[in-house]
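Source file query-v8.cif; content: mmCIF, C-alpha atoms.
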```cif
data_target
#
loop_
_atom_site.label_atom_id
_atom_site.label_comp_id
_atom_site.auth_asym_id
_atom_site.auth_seq_id
_atom_site.Cartn_x
_atom_site.Cartn_y
_atom_site.Cartn_z
CA MET P 1 0.00 0.00 0.00
CA ASP P 2 1.43 3.37 -0.91
CA GLN P 3 0.95 6.71 0.85
CA SER P 4 -1.88 7.83 -1.44
CA GLU P 5 -3.87 4.74 -0.53
CA ILE P 6 -3.21 5.24 3.16
CA ASP P 7 -4.28 8.89 2.84
CA ALA P 8 -7.45 7.83 1.01
CA LEU P 9 -8.31 5.35 3.74
CA LEU P 10 -7.63 7.81 6.57
CA ALA P 11 -9.63 10.52 4.84
CA GLY P 12 -12.54 8.21 4.13
CA GLY P 13 -12.78 9.67 0.69
CA GLY P 14 -10.70 10.93 -2.17
CA LYS P 15 -8.99 8.67 -4.65
CA GLY P 16 -8.96 4.94 -4.35
CA PRO P 17 -5.92 2.76 -4.69
CA LYS P 18 -4.01 2.70 -7.94
CA LYS P 19 -5.49 0.25 -10.37
CA GLY P 20 -4.08 -2.15 -12.86
CA LYS P 21 -0.40 -2.39 -12.02
CA ALA P 22 -0.59 -5.78 -10.41
CA LYS P 23 -2.84 -7.03 -13.19
CA ALA P 24 -0.50 -5.80 -15.87
CA GLU P 25 2.35 -7.65 -14.22
CA THR P 26 0.47 -10.92 -13.99
CA PRO P 27 -0.52 -12.25 -17.40
CA ALA P 28 -0.18 -16.00 -16.98
CA VAL P 29 -3.13 -18.36 -17.20
CA GLN P 30 -1.59 -21.78 -17.64
CA ALA P 31 -0.21 -23.63 -14.65
CA ALA P 32 3.32 -24.86 -14.63
CA PRO P 33 5.44 -26.90 -12.26
CA ALA P 34 5.71 -25.02 -8.99
CA SER P 35 9.26 -23.87 -9.58
CA THR P 36 8.30 -22.11 -12.79
CA THR P 37 4.84 -20.76 -12.04
CA HIS P 38 4.00 -17.32 -13.32
CA PRO P 39 1.88 -14.73 -11.56
CA ALA P 40 -1.84 -15.21 -12.07
CA PRO P 41 -4.32 -12.51 -13.08
CA VAL P 42 -5.31 -10.30 -10.20
CA THR P 43 -8.81 -9.05 -9.55
CA PRO P 44 -8.83 -5.32 -10.36
CA ILE P 45 -9.21 -2.92 -7.47
CA PRO P 46 -12.34 -0.77 -7.79
CA GLU P 47 -11.61 2.90 -8.32
CA THR P 48 -14.87 4.04 -6.80
CA ALA P 49 -14.27 6.62 -4.16
CA PRO P 50 -15.86 6.03 -0.77
CA GLN P 51 -19.23 7.78 -0.65
CA ARG P 52 -21.09 8.73 2.46
CA ASP P 53 -24.50 8.53 0.81
CA LYS P 54 -24.09 5.14 -0.87
CA GLY P 55 -23.87 2.77 2.02
CA GLY P 56 -21.41 4.78 4.11
CA HIS P 57 -17.72 5.40 3.62
CA VAL P 58 -16.79 2.76 6.19
CA ILE P 59 -18.18 0.10 3.86
CA ALA P 60 -16.23 1.53 0.93
CA GLU P 61 -13.09 1.62 3.06
CA ILE P 62 -13.43 -2.03 3.98
CA ASP P 63 -13.97 -2.86 0.31
CA THR P 64 -10.76 -0.97 -0.48
CA VAL P 65 -8.85 -2.78 2.26
CA THR P 66 -9.86 -6.19 0.90
CA ALA P 67 -8.88 -5.21 -2.65
CA VAL P 68 -5.52 -3.77 -1.59
CA THR P 69 -4.81 -6.80 0.59
CA GLU P 70 -5.43 -9.14 -2.33
CA ARG P 71 -3.13 -7.12 -4.57
CA GLU P 72 -0.38 -7.05 -1.96
CA SER P 73 -0.80 -10.77 -1.29
CA ASN P 74 -0.17 -11.40 -4.96
CA LYS P 75 3.04 -9.39 -4.73
CA VAL P 76 4.17 -11.65 -1.86
CA MET P 77 3.26 -14.67 -3.99
CA ASP P 78 5.36 -13.20 -6.84
CA GLN P 79 8.35 -12.90 -4.50
CA LEU P 80 7.90 -16.45 -3.23
CA ASP P 81 7.69 -17.69 -6.83
CA GLN P 82 10.95 -15.92 -7.61
CA ILE P 83 12.69 -17.41 -4.56
CA GLY P 84 11.50 -20.87 -5.64
CA GLN P 85 12.83 -20.31 -9.15
CA LEU P 86 16.20 -19.05 -7.88
CA VAL P 87 16.62 -22.06 -5.61
CA GLY P 88 15.67 -24.31 -8.53
CA ARG P 89 18.38 -22.67 -10.64
CA GLN P 90 20.88 -23.09 -7.80
CA GLN P 91 20.04 -26.82 -7.63
CA GLN P 92 20.67 -27.15 -11.38
CA LEU P 93 24.05 -25.43 -11.08
CA ILE P 94 25.11 -27.65 -8.19
CA THR P 95 24.07 -30.77 -10.10
CA GLU P 96 26.29 -29.65 -13.00
CA LEU P 97 29.12 -28.82 -10.60
CA MET P 98 28.94 -32.28 -9.04
CA LYS P 99 29.73 -33.84 -12.43
CA HIS P 100 32.85 -31.73 -12.80
CA SER P 101 36.10 -33.63 -12.38
CA GLY P 102 37.41 -31.05 -9.94
CA SER P 103 34.57 -31.69 -7.49
CA GLN P 104 35.00 -35.47 -7.12
CA ASP P 105 36.73 -35.12 -3.77
CA GLU P 106 34.65 -36.85 -1.09
CA GLY P 107 34.55 -33.78 1.12
CA VAL P 108 33.44 -31.52 -1.74
CA GLN P 109 30.73 -33.98 -2.80
CA LYS P 110 29.44 -34.17 0.77
CA ALA P 111 29.33 -30.38 1.02
CA LEU P 112 27.49 -30.11 -2.30
CA HIS P 113 24.93 -32.70 -1.15
CA GLU P 114 24.39 -30.66 2.00
CA ILE P 115 23.81 -27.53 -0.07
CA MET P 116 21.30 -29.46 -2.22
CA THR P 117 19.46 -30.63 0.90
CA ALA P 118 19.38 -27.09 2.28
CA GLY P 119 18.02 -25.86 -1.06
CA LYS P 120 15.24 -28.45 -0.94
CA GLY P 121 14.47 -27.24 2.58
CA ILE P 122 14.16 -23.65 1.32
CA GLN P 123 11.82 -24.73 -1.48
CA ASP P 124 9.62 -26.63 0.98
CA LYS P 125 9.42 -23.54 3.19
CA VAL P 126 8.52 -21.40 0.17
CA PHE P 127 5.65 -23.77 -0.65
CA ASP P 128 4.54 -23.72 3.00
CA ALA P 129 4.53 -19.90 2.93
CA MET P 130 2.45 -19.91 -0.28
CA ASP P 131 -0.09 -22.25 1.32
CA LEU P 132 -0.34 -19.97 4.35
CA MET P 133 -1.45 -17.13 2.07
CA GLN P 134 -4.91 -18.73 2.17
CA PHE P 135 -5.52 -16.50 5.17
CA GLN P 136 -5.99 -13.59 2.72
CA ASP P 137 -9.04 -15.16 1.06
CA ILE P 138 -10.49 -16.23 4.41
CA THR P 139 -10.05 -12.77 5.91
CA ARG P 140 -11.56 -11.19 2.80
CA GLN P 141 -14.66 -13.35 3.08
CA LYS P 142 -15.01 -12.51 6.77
CA LEU P 143 -14.78 -8.81 5.91
CA GLU P 144 -17.38 -9.25 3.17
CA ARG P 145 -19.79 -10.66 5.72
CA ILE P 146 -19.13 -7.68 8.01
CA VAL P 147 -19.72 -5.31 5.08
CA ASN P 148 -22.98 -7.11 4.36
CA HIS P 149 -24.10 -6.65 7.98
CA LEU P 150 -23.14 -2.96 7.86
CA ARG P 151 -25.16 -2.52 4.66
CA GLN P 152 -28.19 -4.10 6.30
CA ILE P 153 -27.87 -1.81 9.35
CA HIS P 154 -27.38 1.20 7.08
CA ASP P 155 -30.47 0.38 5.01
CA TYR P 156 -32.50 -0.31 8.16
CA ILE P 157 -31.63 3.12 9.55
CA ILE P 158 -32.48 4.76 6.22
CA ASP P 159 -35.88 3.02 6.33
CA LEU P 160 -36.37 4.10 9.93
CA LEU P 161 -35.50 7.74 9.23
CA GLY P 162 -37.30 7.81 5.91
CA THR P 163 -34.49 9.81 4.34
CA GLY P 164 -31.16 9.18 2.64
CA GLU P 165 -30.02 6.69 0.05
CA LYS P 166 -29.82 2.98 0.56
CA SER P 167 -26.55 1.17 -0.07
CA GLU P 168 -25.90 -0.25 -3.49
CA ALA P 169 -26.43 -3.93 -2.86
CA ARG P 170 -24.09 -6.12 -4.84
CA PRO P 171 -25.00 -9.63 -5.98
CA MET P 172 -22.59 -11.77 -4.06
CA SER P 173 -23.07 -15.04 -2.27
CA LEU P 174 -21.73 -15.08 1.26
CA SER P 175 -20.92 -17.87 3.65
CA ARG P 176 -23.80 -18.77 5.97
CA THR P 177 -21.64 -18.01 8.98
CA ILE P 178 -18.07 -17.10 9.78
CA ALA P 179 -18.30 -18.73 13.20
CA THR P 180 -17.21 -22.08 11.75
CA THR P 181 -14.54 -20.66 9.44
CA GLY P 182 -11.21 -22.12 10.44
CA THR P 183 -7.82 -20.47 10.52
CA THR P 184 -5.62 -23.56 10.87
CA PRO P 185 -5.14 -25.72 7.76
CA ASP P 186 -7.42 -28.78 7.78
CA GLU P 187 -9.11 -27.62 10.97
CA ASN P 188 -12.50 -28.63 9.52
CA LYS P 189 -11.35 -31.65 7.51
CA ALA P 190 -12.57 -34.34 9.92
CA HIS P 191 -15.94 -32.60 10.27
CA ALA P 192 -16.38 -32.22 6.49
CA ASP P 193 -15.31 -35.81 5.81
CA SER P 194 -17.79 -37.16 8.36
CA VAL P 195 -20.64 -35.16 6.76
CA ILE P 196 -19.64 -36.45 3.30
CA GLU P 197 -19.47 -40.03 4.57
CA ALA P 198 -22.88 -39.78 6.25
CA PHE P 199 -24.37 -38.28 3.08
CA LYS P 200 -22.98 -41.08 0.91
CA GLN P 201 -24.21 -43.78 3.28
CA LYS P 202 -27.67 -42.23 3.36
CA LYS P 203 -27.69 -42.04 -0.43
CA ASP P 204 -26.69 -45.71 -0.76
CA MET M 1 -5.45 -33.96 -17.60
CA LYS M 2 -6.90 -30.47 -17.86
CA ILE M 3 -8.34 -29.07 -14.62
CA LEU M 4 -10.58 -25.99 -14.35
CA VAL M 5 -10.04 -23.88 -11.21
CA VAL M 6 -12.85 -21.41 -10.41
CA ASP M 7 -12.31 -18.92 -7.58
CA ASP M 8 -12.79 -15.16 -7.36
CA SER M 9 -9.63 -14.80 -5.26
CA SER M 10 -6.55 -14.62 -7.46
CA THR M 11 -4.42 -15.52 -4.42
CA MET M 12 -6.44 -18.67 -3.85
CA ARG M 13 -6.30 -19.62 -7.53
CA ARG M 14 -2.52 -19.32 -7.42
CA ILE M 15 -2.31 -21.45 -4.28
CA ILE M 16 -4.49 -24.17 -5.81
CA ILE M 17 -2.64 -24.06 -9.14
CA ASN M 18 0.73 -24.20 -7.33
CA THR M 19 -0.43 -27.20 -5.35
CA LEU M 20 -1.69 -28.89 -8.50
CA GLY M 21 1.68 -28.28 -10.15
CA ARG M 22 3.49 -29.87 -7.21
CA ILE M 23 1.40 -33.03 -7.42
CA GLY M 24 1.81 -33.37 -11.16
CA TYR M 25 -1.17 -31.54 -12.67
CA SER M 26 0.14 -28.64 -14.70
CA ASP M 27 -2.55 -28.29 -17.37
CA VAL M 28 -4.91 -25.85 -15.69
CA VAL M 29 -7.41 -23.24 -16.86
CA GLU M 30 -8.89 -20.71 -14.47
CA ALA M 31 -11.95 -18.51 -14.06
CA GLU M 32 -13.02 -15.83 -11.56
CA HIS M 33 -16.65 -16.92 -11.19
CA GLY M 34 -19.23 -19.43 -12.33
CA LYS M 35 -20.04 -17.63 -15.57
CA GLY M 36 -16.38 -17.56 -16.53
CA GLY M 37 -16.13 -21.20 -15.55
CA LEU M 38 -18.95 -22.13 -17.93
CA GLU M 39 -17.16 -20.27 -20.73
CA LYS M 40 -13.92 -22.18 -20.10
CA LEU M 41 -15.84 -25.41 -19.90
CA GLY M 42 -17.45 -24.63 -23.25
CA GLN M 43 -14.00 -24.44 -24.84
CA GLY M 44 -13.64 -28.17 -24.19
CA GLY M 45 -11.00 -30.50 -22.80
CA VAL M 46 -11.69 -29.98 -19.09
CA GLU M 47 -11.71 -33.28 -17.23
CA MET M 48 -12.10 -32.06 -13.66
CA ILE M 49 -13.39 -28.96 -11.86
CA ILE M 50 -12.24 -27.37 -8.61
CA THR M 51 -14.59 -24.58 -7.60
CA ASP M 52 -15.13 -22.10 -4.80
CA TRP M 53 -18.65 -21.40 -3.50
CA ASN M 54 -18.85 -17.69 -2.64
CA MET M 55 -18.25 -15.74 -5.83
CA PRO M 56 -19.83 -12.80 -7.67
CA GLU M 57 -21.74 -13.12 -10.97
CA MET M 58 -22.53 -16.81 -10.53
CA ASP M 59 -21.74 -18.58 -7.27
CA GLY M 60 -20.26 -22.05 -7.01
CA LEU M 61 -23.52 -23.78 -6.14
CA GLU M 62 -25.33 -22.41 -9.18
CA PHE M 63 -22.28 -23.21 -11.30
CA VAL M 64 -22.27 -26.83 -10.12
CA LYS M 65 -26.00 -27.21 -10.79
CA THR M 66 -25.57 -25.79 -14.31
CA VAL M 67 -22.59 -28.04 -15.03
CA ARG M 68 -24.44 -31.10 -13.77
CA GLY M 69 -27.30 -30.30 -16.16
CA GLN M 70 -24.86 -30.47 -19.06
CA ASN M 71 -22.26 -32.94 -17.86
CA PRO M 72 -23.34 -35.43 -15.20
CA GLY M 73 -20.02 -37.29 -15.15
CA ILE M 74 -17.29 -34.69 -14.70
CA PRO M 75 -15.66 -34.84 -11.24
CA ILE M 76 -16.27 -31.66 -9.20
CA LEU M 77 -14.41 -30.72 -6.03
CA MET M 78 -15.67 -27.77 -4.03
CA VAL M 79 -13.04 -25.80 -2.06
CA THR M 80 -14.66 -23.21 0.17
CA THR M 81 -14.68 -21.51 3.57
CA ASN M 82 -18.25 -22.72 4.11
CA ALA M 83 -17.89 -25.30 6.85
CA ALA M 84 -21.45 -25.62 8.16
CA LYS M 85 -22.97 -29.10 7.88
CA GLU M 86 -25.97 -27.68 5.97
CA ASP M 87 -23.62 -26.14 3.40
CA ILE M 88 -21.72 -29.37 2.81
CA VAL M 89 -24.96 -31.32 2.39
CA GLU M 90 -26.39 -28.67 0.03
CA ALA M 91 -23.25 -28.83 -2.13
CA LEU M 92 -23.35 -32.63 -2.27
CA GLN M 93 -27.02 -32.52 -3.22
CA ALA M 94 -26.19 -30.05 -6.00
CA GLY M 95 -23.77 -32.57 -7.48
CA VAL M 96 -20.37 -31.94 -5.90
CA ASN M 97 -18.34 -35.15 -5.64
CA ASN M 98 -16.13 -34.06 -2.79
CA TYR M 99 -15.59 -31.08 -0.51
CA VAL M 100 -12.58 -29.31 1.01
CA VAL M 101 -12.87 -26.61 3.66
CA LYS M 102 -10.37 -23.73 3.51
CA PRO M 103 -7.73 -23.43 4.79
CA PHE M 104 -6.42 -26.78 3.60
CA THR M 105 -3.08 -28.53 3.35
CA PRO M 106 -1.64 -29.64 -0.02
CA GLU M 107 -1.92 -33.22 1.22
CA THR M 108 -5.68 -32.86 1.62
CA LEU M 109 -6.11 -31.40 -1.86
CA LYS M 110 -4.02 -34.22 -3.29
CA GLU M 111 -5.99 -36.84 -1.36
CA LYS M 112 -9.33 -35.46 -2.57
CA ILE M 113 -8.22 -35.18 -6.19
CA GLU M 114 -6.86 -38.71 -6.20
CA SER M 115 -10.05 -40.04 -4.64
CA LEU M 116 -12.07 -38.40 -7.42
CA LEU M 117 -9.83 -39.69 -10.17
CA GLY M 118 -9.19 -43.12 -8.63
#
```
Is it possible to express this structure as structure tokens?
Amino acid sequence: MDQSEIDALLAGGGKGPKKGKAKAETPAVQAAPASTTHPAPVTPIPETAPQRDKGGHVIAEIDTVTAVTERESNKVMDQLDQIGQLVGRQQQLITELMKHSGSQDEGVQKALHEIMTAGKGIQDKVFDAMDLMQFQDITRQKLERIVNHLRQIHDYIIDLLGTGEKSEARPMSLSRTIATTGTTPDENKAHADSVIEAFKQKKD
Amino acid sequence: MKILVVDDSSTMRRIIINTLGRIGYSDVVEAEHGKGGLEKLGQGGVEMIITDWNMPEMDGLEFVKTVRGQNPGIPILMVTTNAAKEDIVEALQAGVNNYVVKPFTPETLKEKIESLLG
């Protein structure tokens, strides 16, 4: 997030975050092996300025936060991709070096194997870090539910007062509840699997 | 095998596509919502679908119901934050073959994909 975006958020109005840069940098569609993956398309950040009379500027600010967070998360993913690719390149170079006649000494070979193992460890950690980025989507969906509640309260007050404009409702399905949304990977796996199993047994 | 990944979060699509790449599935097409998913599906070649539930335009449940009307046999895995029992049952009734609750581990995604393809 740059200063202009921070200023826009603090002011509750003014210009929204810059649009399009992340998208322009992320053209890939096809998947590739993890070490060579390219950035994926990023959902554009809406340029609509927060408006007090269209559902309240707090709602618009939260919308902006979710959009900016997604864009920044993609930048982190880009960096992790690059680290993975660099480690992959390092592994290739070491493999070539190991074939070289000058590196056949037992001590050198052992050291090179240790470097390879360390490189594999780095790649595993990079993948773990990528997986942990799921929190961004989960947080976004929680915020969307909060925004939905705020819209309902806003519209209720408008009805009550008989003046003002209602929020611009957006067609978007939301999770039934965020109370059951987990934060730890596979936290709900056993529960989901038991429901699936019961459903299949009932069907049979 | 070509896999279609449908999720409105670009971060989540990347995570799923990365995981697929690590377990040997690198032929992937992606879409941001159900409508986009139907377009990709119409282009042919997709043999499996991984879809989110909560999306704009057309949500995952409607997408699954539409796909099932056209293609009863294609394996569909739903990957979503919706963890309530009622949600899981509703998705299964709509035609989802298996269900993963976010956040997930790569091992779980692999296990579910293999169970669908096995």
### Matched chain/residue IDs from the PyMOL selection byres ((chain M) within 8 of (chain P)), as a PyMOL selection string
chain M and resi 8-15+17-19+21-22+24+26-30+53-57+59+81-85+87-89+92+98-106+108
### Query
What does the distance between atom CA of M:Met48 and atom CA of P:Gly88 come to in Å, to one decimal place?
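One can read the atom CA of M:Met48 to atom CA of P:Gly88 distance as 29.3 Å.
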Kindly compute an axis-aligned box around the listed atoms of stretch 100-114 of chain M, allowing 6 Å on each side, and express its centre and edge lengths in Å to one decimal as JSON.
```
{"center_x": -7.3, "center_y": -31.1, "center_z": -0.7, "size_x": 23.2, "size_y": 27.3, "size_z": 23.0}
```
### Message
Take the PyMOL selection byres ((chain M and resi 67) around 12), run it mentally on this structure, and tell me the resulting residues as a ChimeraX atom specification.
### Response
/M:34-35,37-42,46,48-49,51,60-66,68-76,94-96
### Task
Would you mind reading off the distance between atom CA of M:Glu111 and atom CA of M:Asn97, one decimal, in Å?
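Separation between atom CA of M:Glu111 and atom CA of M:Asn97: 13.2 Å.
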### Message
Could you tell me how far atom CA of P:Ser167 sits from atom CA of P:Val65, in Å to one decimal place?
### Response
18.3 Å
### Message
Ranking M:Ile3, M:Tyr25, M:Leu109, M:Glu47 by minimum distance to M:Val79 and counting all atoms listed in the file, which one comes first?
### Response
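Checking each of M:Ile3, M:Tyr25, M:Leu109, M:Glu47 against M:Val79, counting all atoms listed in the file, the winner is M:Leu109.
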